[in-house]
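Student: One structure, pasted below without further comment.
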Amino acid sequence: MNLEKLVRKNILELKPYTSARDKFQDGIFLDANENSFGSVIESEIENLNRYPDPHQKQLRQSLANFLKINEDKLFFGVGSDEIIDLAIRIFCEPRKSNMIIPQPTYGMYQVACDINEVKVKSVQLDSDFDIDVEAVMKAIDENTKMIFLCSPNNPTGNLLSTDRIKFLAENSNLIIFIDEAYIDFDERGSFINHISGFKNVIISRTFSKAWGLAGVRCGYCIADDFIIKLFFKVKAPYTINKLTANAILKALQKNETRLKLISQIIYEREKLISELSLINSVEIIYSSNANFLLIKIKNASEVFEYLNQKGIRVRMRKDDERLKDCLRITVGTPEENNLLITALKEMK
Ligand SMILES: Cc1ncc(COP(=O)(O)O)c(C=O)c1O
């Protein structure tokens, strides 16, 4: 498969910005117009007056150790949202290329395409919210560059089947972007063990969910070195700041805590399922491999408003026909879940 043919010509030919910290990370720094005297605040992180490493070296090494893969296959972004945007900018020609998005899914893919003037070809997921391979293959035309897949899928909560992803990776001749933001909640469903066979697959992940670091804004992707080099070529020079890098390096030493959080969340999710199933107006609780539940409920809009009045925020997607009677509920703490269940029971 000729990956180069999928890359925008201007990106292939782009001469990237060379930053002051590209070559030297030590010495007397009079090359980047930083404040040589120091910073206005004190911090446990040293040298905040200096720009961070644009090559993300320490981060990539630590994550490579953690995932047991080669660091050349890793790139960090300001949340996976940045990775989604960069991927579109690398491969899709504005006003020419199109992207296939199986729906319903995470709304940001559409927004990122709209910002980049990339046409979206929406295809429906099948009745189990899995990939309808035939529909996706049928939607491909000569201007299609990418397929966005979300597994576990937001907002439906289910994993997409590996065999179907493999089929698309093998037969579509396109970039297959797999968003695994929620994969920590069911790691067996990850595509990570298959990715080495595919040069056209990008897996993106985030520290915002299971790691509990949404405020830090950090995501990463795993892909063939050729694609990773393109991400480095197009990113702004210093995207991952020192405070973020420090938090991520610490987090990677705390896998036990991540696993504990995951099992607490899964325990609460299952408890929430049994409690929701006792509420009459709840018609369907979709099975979930993530930290949220999608439920179909009678008078969803009214329930949504009622919960809002009680200060309980859940998500509703009125824009999608298949989700119009549904609410997406994040698994909360035991206390938060109790308040939700009590509120639902009390609703007339
Ligand atoms: C499927 C999916 N991908 C990506 C993101 C964004 O993640 P990040 O916080 O890493 O930008 C979200 C956020 O909710 C999400 O649901």
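By convention in this document, the chains of the structure tokens carry letters A, B, ... by their order, each chain's residues are numbered from 1, and ligands are numbered from 1 in the order they are shown.
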Write out as a ChimeraX atom specification which residues come within 12 Å of A:Phe24 when counting only C-alpha atoms, dropping same-chain ones fewer than 6 positions away.

Tutor: /A:18,30-32,51-55

Student: Those same residues - C-alpha atoms - I'd like them written as a short mmCIF file (atom, residue, chain, number, x, y, z; two decimals), in the first residue's frame.

Tutor:
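Listing of selection-v6.cif after writing:
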data_model
loop_
_atom_site.label_atom_id
_atom_site.label_comp_id
_atom_site.auth_asym_id
_atom_site.auth_seq_id
_atom_site.Cartn_x
_atom_site.Cartn_y
_atom_site.Cartn_z
CA THR A 18 13.02 24.26 13.23
CA LEU A 30 20.58 32.63 24.30
CA ASP A 31 18.75 31.21 21.31
CA ALA A 32 15.02 31.23 22.12
CA TYR A 51 10.69 25.79 26.42
CA PRO A 52 9.92 22.06 26.72
CA ASP A 53 11.43 19.31 24.58
CA PRO A 54 9.77 19.45 21.15
CA HIS A 55 10.72 15.82 20.50
#

Student: Each residue of stretch 29-115 of chain A with at least one atom at most 8 Å from stretch 143-146 of chain A should appear once, together with its nearest atom pair and the corresponding distance in Å (one decimal); atoms considered: only C-alpha atoms; ordering: chain, then increasing residue number; output as CSV.

Tutor:
residue,atom,partner,partner_atom,distance
A:Phe91,CA,A:Lys145,CA,6.6
A:Cys92,CA,A:Lys145,CA,6.3
A:Lys96,CA,A:Asn143,CA,6.7
A:Ser97,CA,A:Asn143,CA,4.8
A:Asn98,CA,A:Thr144,CA,4.7
A:Met99,CA,A:Met146,CA,5.1
A:Ile100,CA,A:Met146,CA,6.4

Student: With N, CA and C atoms kept, could you save the residues just selected as a PDB file, in the first residue's frame?

Tutor:
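This went into result13.pdb:
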ATOM      1  N   PHE A  91      -3.753  14.332   6.194  1.00  0.00           N
ATOM      2  CA  PHE A  91      -4.196  13.488   5.077  1.00  0.00           C
ATOM      3  C   PHE A  91      -5.267  14.108   4.179  1.00  0.00           C
ATOM      4  N   CYS A  92      -6.063  15.018   4.720  1.00  0.00           N
ATOM      5  CA  CYS A  92      -7.237  15.459   3.951  1.00  0.00           C
ATOM      6  C   CYS A  92      -7.049  16.840   3.324  1.00  0.00           C
ATOM      7  N   LYS A  96     -11.668  19.064  -0.906  1.00  0.00           N
ATOM      8  CA  LYS A  96     -11.523  18.009  -1.916  1.00  0.00           C
ATOM      9  C   LYS A  96     -11.721  16.618  -1.301  1.00  0.00           C
ATOM     10  N   SER A  97     -10.951  16.343  -0.253  1.00  0.00           N
ATOM     11  CA  SER A  97     -11.007  15.000   0.333  1.00  0.00           C
ATOM     12  C   SER A  97     -12.286  14.809   1.134  1.00  0.00           C
ATOM     13  N   ASN A  98     -12.638  13.565   1.335  1.00  0.00           N
ATOM     14  CA  ASN A  98     -13.725  13.273   2.270  1.00  0.00           C
ATOM     15  C   ASN A  98     -13.320  12.169   3.232  1.00  0.00           C
ATOM     16  N   MET A  99     -14.126  12.088   4.277  1.00  0.00           N
ATOM     17  CA  MET A  99     -13.850  11.175   5.382  1.00  0.00           C
ATOM     18  C   MET A  99     -15.106  10.377   5.675  1.00  0.00           C
ATOM     19  N   ILE A 100     -14.947   9.099   5.970  1.00  0.00           N
ATOM     20  CA  ILE A 100     -16.127   8.291   6.311  1.00  0.00           C
ATOM     21  C   ILE A 100     -16.219   8.156   7.832  1.00  0.00           C
TER      22      ILE A 100
END

Student: Got a sec to check which residues lie within 8 Å of ligand 1, using only C-alpha atoms and all ligand atoms, and send them as a ChimeraX atom specification?

Tutor: /A:78-82,105-106,108,150-155,179-182,205-209,214,217-219

Student: Could you write out that same residue set with N, CA and C atoms as a PDB file, in the first residue's frame?

Tutor:
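Okay, result-v8.pdb is ready:
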ATOM      1  N   VAL A  78      -1.998  17.417  22.536  1.00  0.00           N
ATOM      2  CA  VAL A  78      -2.744  18.137  23.578  1.00  0.00           C
ATOM      3  C   VAL A  78      -4.169  17.552  23.610  1.00  0.00           C
ATOM      4  N   GLY A  79      -4.294  16.435  24.285  1.00  0.00           N
ATOM      5  CA  GLY A  79      -5.539  15.666  24.252  1.00  0.00           C
ATOM      6  C   GLY A  79      -5.627  14.899  22.943  1.00  0.00           C
ATOM      7  N   SER A  80      -6.509  13.889  22.902  1.00  0.00           N
ATOM      8  CA  SER A  80      -6.655  13.211  21.608  1.00  0.00           C
ATOM      9  C   SER A  80      -7.352  14.124  20.614  1.00  0.00           C
ATOM     10  N   ASP A  81      -8.018  15.158  21.113  1.00  0.00           N
ATOM     11  CA  ASP A  81      -8.639  16.110  20.181  1.00  0.00           C
ATOM     12  C   ASP A  81      -7.597  16.743  19.253  1.00  0.00           C
ATOM     13  N   GLU A  82      -6.397  17.017  19.772  1.00  0.00           N
ATOM     14  CA  GLU A  82      -5.368  17.579  18.886  1.00  0.00           C
ATOM     15  C   GLU A  82      -4.918  16.539  17.846  1.00  0.00           C
ATOM     16  N   THR A 105     -21.531   8.600  16.662  1.00  0.00           N
ATOM     17  CA  THR A 105     -20.235   8.522  17.323  1.00  0.00           C
ATOM     18  C   THR A 105     -19.853   9.868  17.924  1.00  0.00           C
ATOM     19  N   TYR A 106     -18.624   9.974  18.381  1.00  0.00           N
ATOM     20  CA  TYR A 106     -18.103  11.186  19.022  1.00  0.00           C
ATOM     21  C   TYR A 106     -18.219  12.381  18.069  1.00  0.00           C
ATOM     22  N   MET A 108     -16.904  15.220  17.828  1.00  0.00           N
ATOM     23  CA  MET A 108     -15.757  16.070  17.491  1.00  0.00           C
ATOM     24  C   MET A 108     -15.153  15.738  16.118  1.00  0.00           C
ATOM     25  N   CYS A 150     -14.455   4.571  16.385  1.00  0.00           N
ATOM     26  CA  CYS A 150     -14.333   4.862  17.816  1.00  0.00           C
ATOM     27  C   CYS A 150     -14.665   3.584  18.579  1.00  0.00           C
ATOM     28  N   SER A 151     -13.678   3.063  19.325  1.00  0.00           N
ATOM     29  CA  SER A 151     -13.873   1.775  19.981  1.00  0.00           C
ATOM     30  C   SER A 151     -13.185   1.752  21.353  1.00  0.00           C
ATOM     31  N   PRO A 152     -13.930   1.606  22.426  1.00  0.00           N
ATOM     32  CA  PRO A 152     -15.382   1.605  22.556  1.00  0.00           C
ATOM     33  C   PRO A 152     -15.977   2.904  22.030  1.00  0.00           C
ATOM     34  N   ASN A 153     -17.148   2.747  21.425  1.00  0.00           N
ATOM     35  CA  ASN A 153     -17.742   3.897  20.757  1.00  0.00           C
ATOM     36  C   ASN A 153     -18.459   4.828  21.738  1.00  0.00           C
ATOM     37  N   ASN A 154     -18.185   6.104  21.584  1.00  0.00           N
ATOM     38  CA  ASN A 154     -18.933   7.124  22.306  1.00  0.00           C
ATOM     39  C   ASN A 154     -20.021   7.620  21.358  1.00  0.00           C
ATOM     40  N   PRO A 155     -21.289   7.592  21.668  1.00  0.00           N
ATOM     41  CA  PRO A 155     -21.900   7.427  22.984  1.00  0.00           C
ATOM     42  C   PRO A 155     -22.501   6.042  23.233  1.00  0.00           C
ATOM     43  N   ASP A 179     -10.100   5.512  17.430  1.00  0.00           N
ATOM     44  CA  ASP A 179     -10.074   6.299  18.666  1.00  0.00           C
ATOM     45  C   ASP A 179     -10.352   5.360  19.838  1.00  0.00           C
ATOM     46  N   GLU A 180      -9.318   5.082  20.610  1.00  0.00           N
ATOM     47  CA  GLU A 180      -9.454   4.174  21.761  1.00  0.00           C
ATOM     48  C   GLU A 180      -9.448   4.952  23.083  1.00  0.00           C
ATOM     49  N   ALA A 181     -10.157   6.075  23.109  1.00  0.00           N
ATOM     50  CA  ALA A 181     -10.178   6.906  24.320  1.00  0.00           C
ATOM     51  C   ALA A 181     -10.631   6.109  25.555  1.00  0.00           C
ATOM     52  N   TYR A 182     -11.541   5.144  25.337  1.00  0.00           N
ATOM     53  CA  TYR A 182     -12.118   4.405  26.477  1.00  0.00           C
ATOM     54  C   TYR A 182     -11.590   2.980  26.586  1.00  0.00           C
ATOM     55  N   ARG A 205      -5.230   7.458  21.833  1.00  0.00           N
ATOM     56  CA  ARG A 205      -5.631   7.179  23.221  1.00  0.00           C
ATOM     57  C   ARG A 205      -5.506   8.449  24.059  1.00  0.00           C
ATOM     58  N   THR A 206      -5.999   8.391  25.265  1.00  0.00           N
ATOM     59  CA  THR A 206      -5.992   9.605  26.075  1.00  0.00           C
ATOM     60  C   THR A 206      -5.724   9.311  27.544  1.00  0.00           C
ATOM     61  N   PHE A 207      -5.197  10.312  28.240  1.00  0.00           N
ATOM     62  CA  PHE A 207      -5.046  10.229  29.691  1.00  0.00           C
ATOM     63  C   PHE A 207      -6.266  10.838  30.398  1.00  0.00           C
ATOM     64  N   SER A 208      -7.272  11.259  29.609  1.00  0.00           N
ATOM     65  CA  SER A 208      -8.419  11.986  30.182  1.00  0.00           C
ATOM     66  C   SER A 208      -9.446  11.094  30.869  1.00  0.00           C
ATOM     67  N   LYS A 209      -9.420   9.806  30.611  1.00  0.00           N
ATOM     68  CA  LYS A 209     -10.513   8.954  31.105  1.00  0.00           C
ATOM     69  C   LYS A 209     -10.018   8.077  32.265  1.00  0.00           C
ATOM     70  N   ALA A 214      -8.030  14.452  32.866  1.00  0.00           N
ATOM     71  CA  ALA A 214      -8.639  15.282  31.812  1.00  0.00           C
ATOM     72  C   ALA A 214      -8.129  16.720  31.865  1.00  0.00           C
ATOM     73  N   ARG A 217      -4.734  17.602  29.836  1.00  0.00           N
ATOM     74  CA  ARG A 217      -4.805  17.665  28.370  1.00  0.00           C
ATOM     75  C   ARG A 217      -3.651  16.899  27.716  1.00  0.00           C
ATOM     76  N   CYS A 218      -3.749  15.606  27.704  1.00  0.00           N
ATOM     77  CA  CYS A 218      -2.714  14.823  27.028  1.00  0.00           C
ATOM     78  C   CYS A 218      -3.305  13.552  26.427  1.00  0.00           C
ATOM     79  N   GLY A 219      -2.994  13.350  25.171  1.00  0.00           N
ATOM     80  CA  GLY A 219      -3.362  12.116  24.484  1.00  0.00           C
ATOM     81  C   GLY A 219      -2.160  11.660  23.683  1.00  0.00           C
TER      82      GLY A 219
END

Student: Which one of A:Pro237, A:Gly157, A:Gly311, A:Gly38 sits closest to A:Asn291 if you count only C-alpha atoms?

Tutor: A:Gly157

Student: Point out the residue among A:Leu261, A:Ile28, A:Leu168, A:Leu213 with the least atom-to-atom distance to A:Val201, counting only C-alpha atoms.

Tutor: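 The answer is A:Leu168, which sits nearest to A:Val201.
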
Student: From a DSSP calculation on the backbone, collect every residue of stretch 176-222 of chain A in strand (DSSP E) and output the set as an MDAnalysis selection string.

Tutor: chainID A and resid 176:179 201:206 219:222

Student: Which neighbours of stretch 60-76 of chain A fall inside 9 Å, counting only C-alpha atoms, when residues of the same chain fewer than 6 positions from it are skipped, and could you give them as a list in words?

Tutor: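 Contacts, with the query itself left out: Ile83, Cys218, Gly219, Tyr220, Cys221, Ile222, Ala223, Asp224, Asp225, Phe226, Ile227, Ile228, Lys229, Phe231, Phe232, Thr239, Ile240, Leu249, Leu252 and Gln253 of chain A.
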
Student: Would you please give, as a ChimeraX atom specification, all residues of stretch 75-314 of chain A that DSSP assigns to alpha helix (DSSP H) based on the backbone?

Tutor: /A:79-91,108-115,133-139,162-171,225-234,242-251,255-276,300-309

Student: Select, from A:Ala87, A:Leu294, A:Val123, A:Leu12, the residue with the minimum atom-to-atom distance to A:Ala139, counting only C-alpha atoms.

Tutor: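 With only C-alpha atoms as the atom set, the closest residue is A:Val123.
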
Student: Between atom CA of A:Leu293 and atom CA of A:Tyr109, what is the distance in Å, rounded to a tenth?

Tutor: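 Straight-line distance from atom CA of A:Leu293 to atom CA of A:Tyr109 works out to 20.7 Å.
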
Student: To one decimal place in Å, what is the distance between atom CA of A:Thr156 and atom CA of A:Arg317?

Tutor: 11.3 Å

Student: May I ask which of the residues A:Ala251, A:Ile84, A:Val40, A:Leu6 is the closest one to A:Glu142, counting only C-alpha atoms?

Tutor: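 The closest residue to A:Glu142 is A:Leu6.
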
Student: Mind checking which residues fall within 12 Å of A:Val111, counting only C-alpha atoms, ignoring those fewer than 4 positions away in the same chain, and posting them as JSON, numbers by chain?

Tutor: {"A": [81, 84, 85, 88, 101, 105, 106, 107, 115, 116, 117, 118, 119, 120]}

Student: Would you output that residue set with N, CA and C atoms, as a PDB file, in the first residue's frame?

Tutor:
ATOM      1  N   ASP A  81      -8.018  15.158  21.113  1.00  0.00           N
ATOM      2  CA  ASP A  81      -8.639  16.110  20.181  1.00  0.00           C
ATOM      3  C   ASP A  81      -7.597  16.743  19.253  1.00  0.00           C
ATOM      4  N   ILE A  84      -6.699  14.122  16.594  1.00  0.00           N
ATOM      5  CA  ILE A  84      -7.757  14.007  15.573  1.00  0.00           C
ATOM      6  C   ILE A  84      -7.585  15.121  14.534  1.00  0.00           C
ATOM      7  N   ASP A  85      -7.396  16.336  15.012  1.00  0.00           N
ATOM      8  CA  ASP A  85      -7.257  17.484  14.118  1.00  0.00           C
ATOM      9  C   ASP A  85      -6.002  17.367  13.241  1.00  0.00           C
ATOM     10  N   ILE A  88      -6.379  14.824  10.413  1.00  0.00           N
ATOM     11  CA  ILE A  88      -7.169  15.346   9.294  1.00  0.00           C
ATOM     12  C   ILE A  88      -6.304  16.280   8.452  1.00  0.00           C
ATOM     13  N   ILE A 101     -17.383   8.486   8.355  1.00  0.00           N
ATOM     14  CA  ILE A 101     -17.593   8.377   9.797  1.00  0.00           C
ATOM     15  C   ILE A 101     -18.841   7.538  10.081  1.00  0.00           C
ATOM     16  N   THR A 105     -21.531   8.600  16.662  1.00  0.00           N
ATOM     17  CA  THR A 105     -20.235   8.522  17.323  1.00  0.00           C
ATOM     18  C   THR A 105     -19.853   9.868  17.924  1.00  0.00           C
ATOM     19  N   TYR A 106     -18.624   9.974  18.381  1.00  0.00           N
ATOM     20  CA  TYR A 106     -18.103  11.186  19.022  1.00  0.00           C
ATOM     21  C   TYR A 106     -18.219  12.381  18.069  1.00  0.00           C
ATOM     22  N   GLY A 107     -18.891  13.425  18.523  1.00  0.00           N
ATOM     23  CA  GLY A 107     -19.216  14.552  17.652  1.00  0.00           C
ATOM     24  C   GLY A 107     -18.030  15.369  17.172  1.00  0.00           C
ATOM     25  N   ILE A 115     -14.117  22.213  10.468  1.00  0.00           N
ATOM     26  CA  ILE A 115     -13.098  23.260  10.609  1.00  0.00           C
ATOM     27  C   ILE A 115     -12.103  23.178   9.454  1.00  0.00           C
ATOM     28  N   ASN A 116     -11.775  21.953   9.079  1.00  0.00           N
ATOM     29  CA  ASN A 116     -10.775  21.753   8.021  1.00  0.00           C
ATOM     30  C   ASN A 116     -11.392  21.681   6.618  1.00  0.00           C
ATOM     31  N   GLU A 117     -12.687  21.962   6.524  1.00  0.00           N
ATOM     32  CA  GLU A 117     -13.409  21.910   5.243  1.00  0.00           C
ATOM     33  C   GLU A 117     -13.232  20.564   4.546  1.00  0.00           C
ATOM     34  N   VAL A 118     -13.409  19.523   5.331  1.00  0.00           N
ATOM     35  CA  VAL A 118     -13.348  18.167   4.787  1.00  0.00           C
ATOM     36  C   VAL A 118     -14.747  17.576   4.855  1.00  0.00           C
ATOM     37  N   LYS A 119     -15.217  17.081   3.723  1.00  0.00           N
ATOM     38  CA  LYS A 119     -16.586  16.572   3.674  1.00  0.00           C
ATOM     39  C   LYS A 119     -16.692  15.269   4.473  1.00  0.00           C
ATOM     40  N   VAL A 120     -17.791  15.151   5.201  1.00  0.00           N
ATOM     41  CA  VAL A 120     -18.018  13.916   5.959  1.00  0.00           C
ATOM     42  C   VAL A 120     -19.052  13.069   5.241  1.00  0.00           C
TER      43      VAL A 120
END

Student: Which one is closest to A:His194: A:Ile285, A:Ile341, A:Val314, A:Ile165? Count only C-alpha atoms.

Tutor: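 Of A:Ile285, A:Ile341, A:Val314, A:Ile165, the one nearest A:His194 is A:Ile165, counting only C-alpha atoms.
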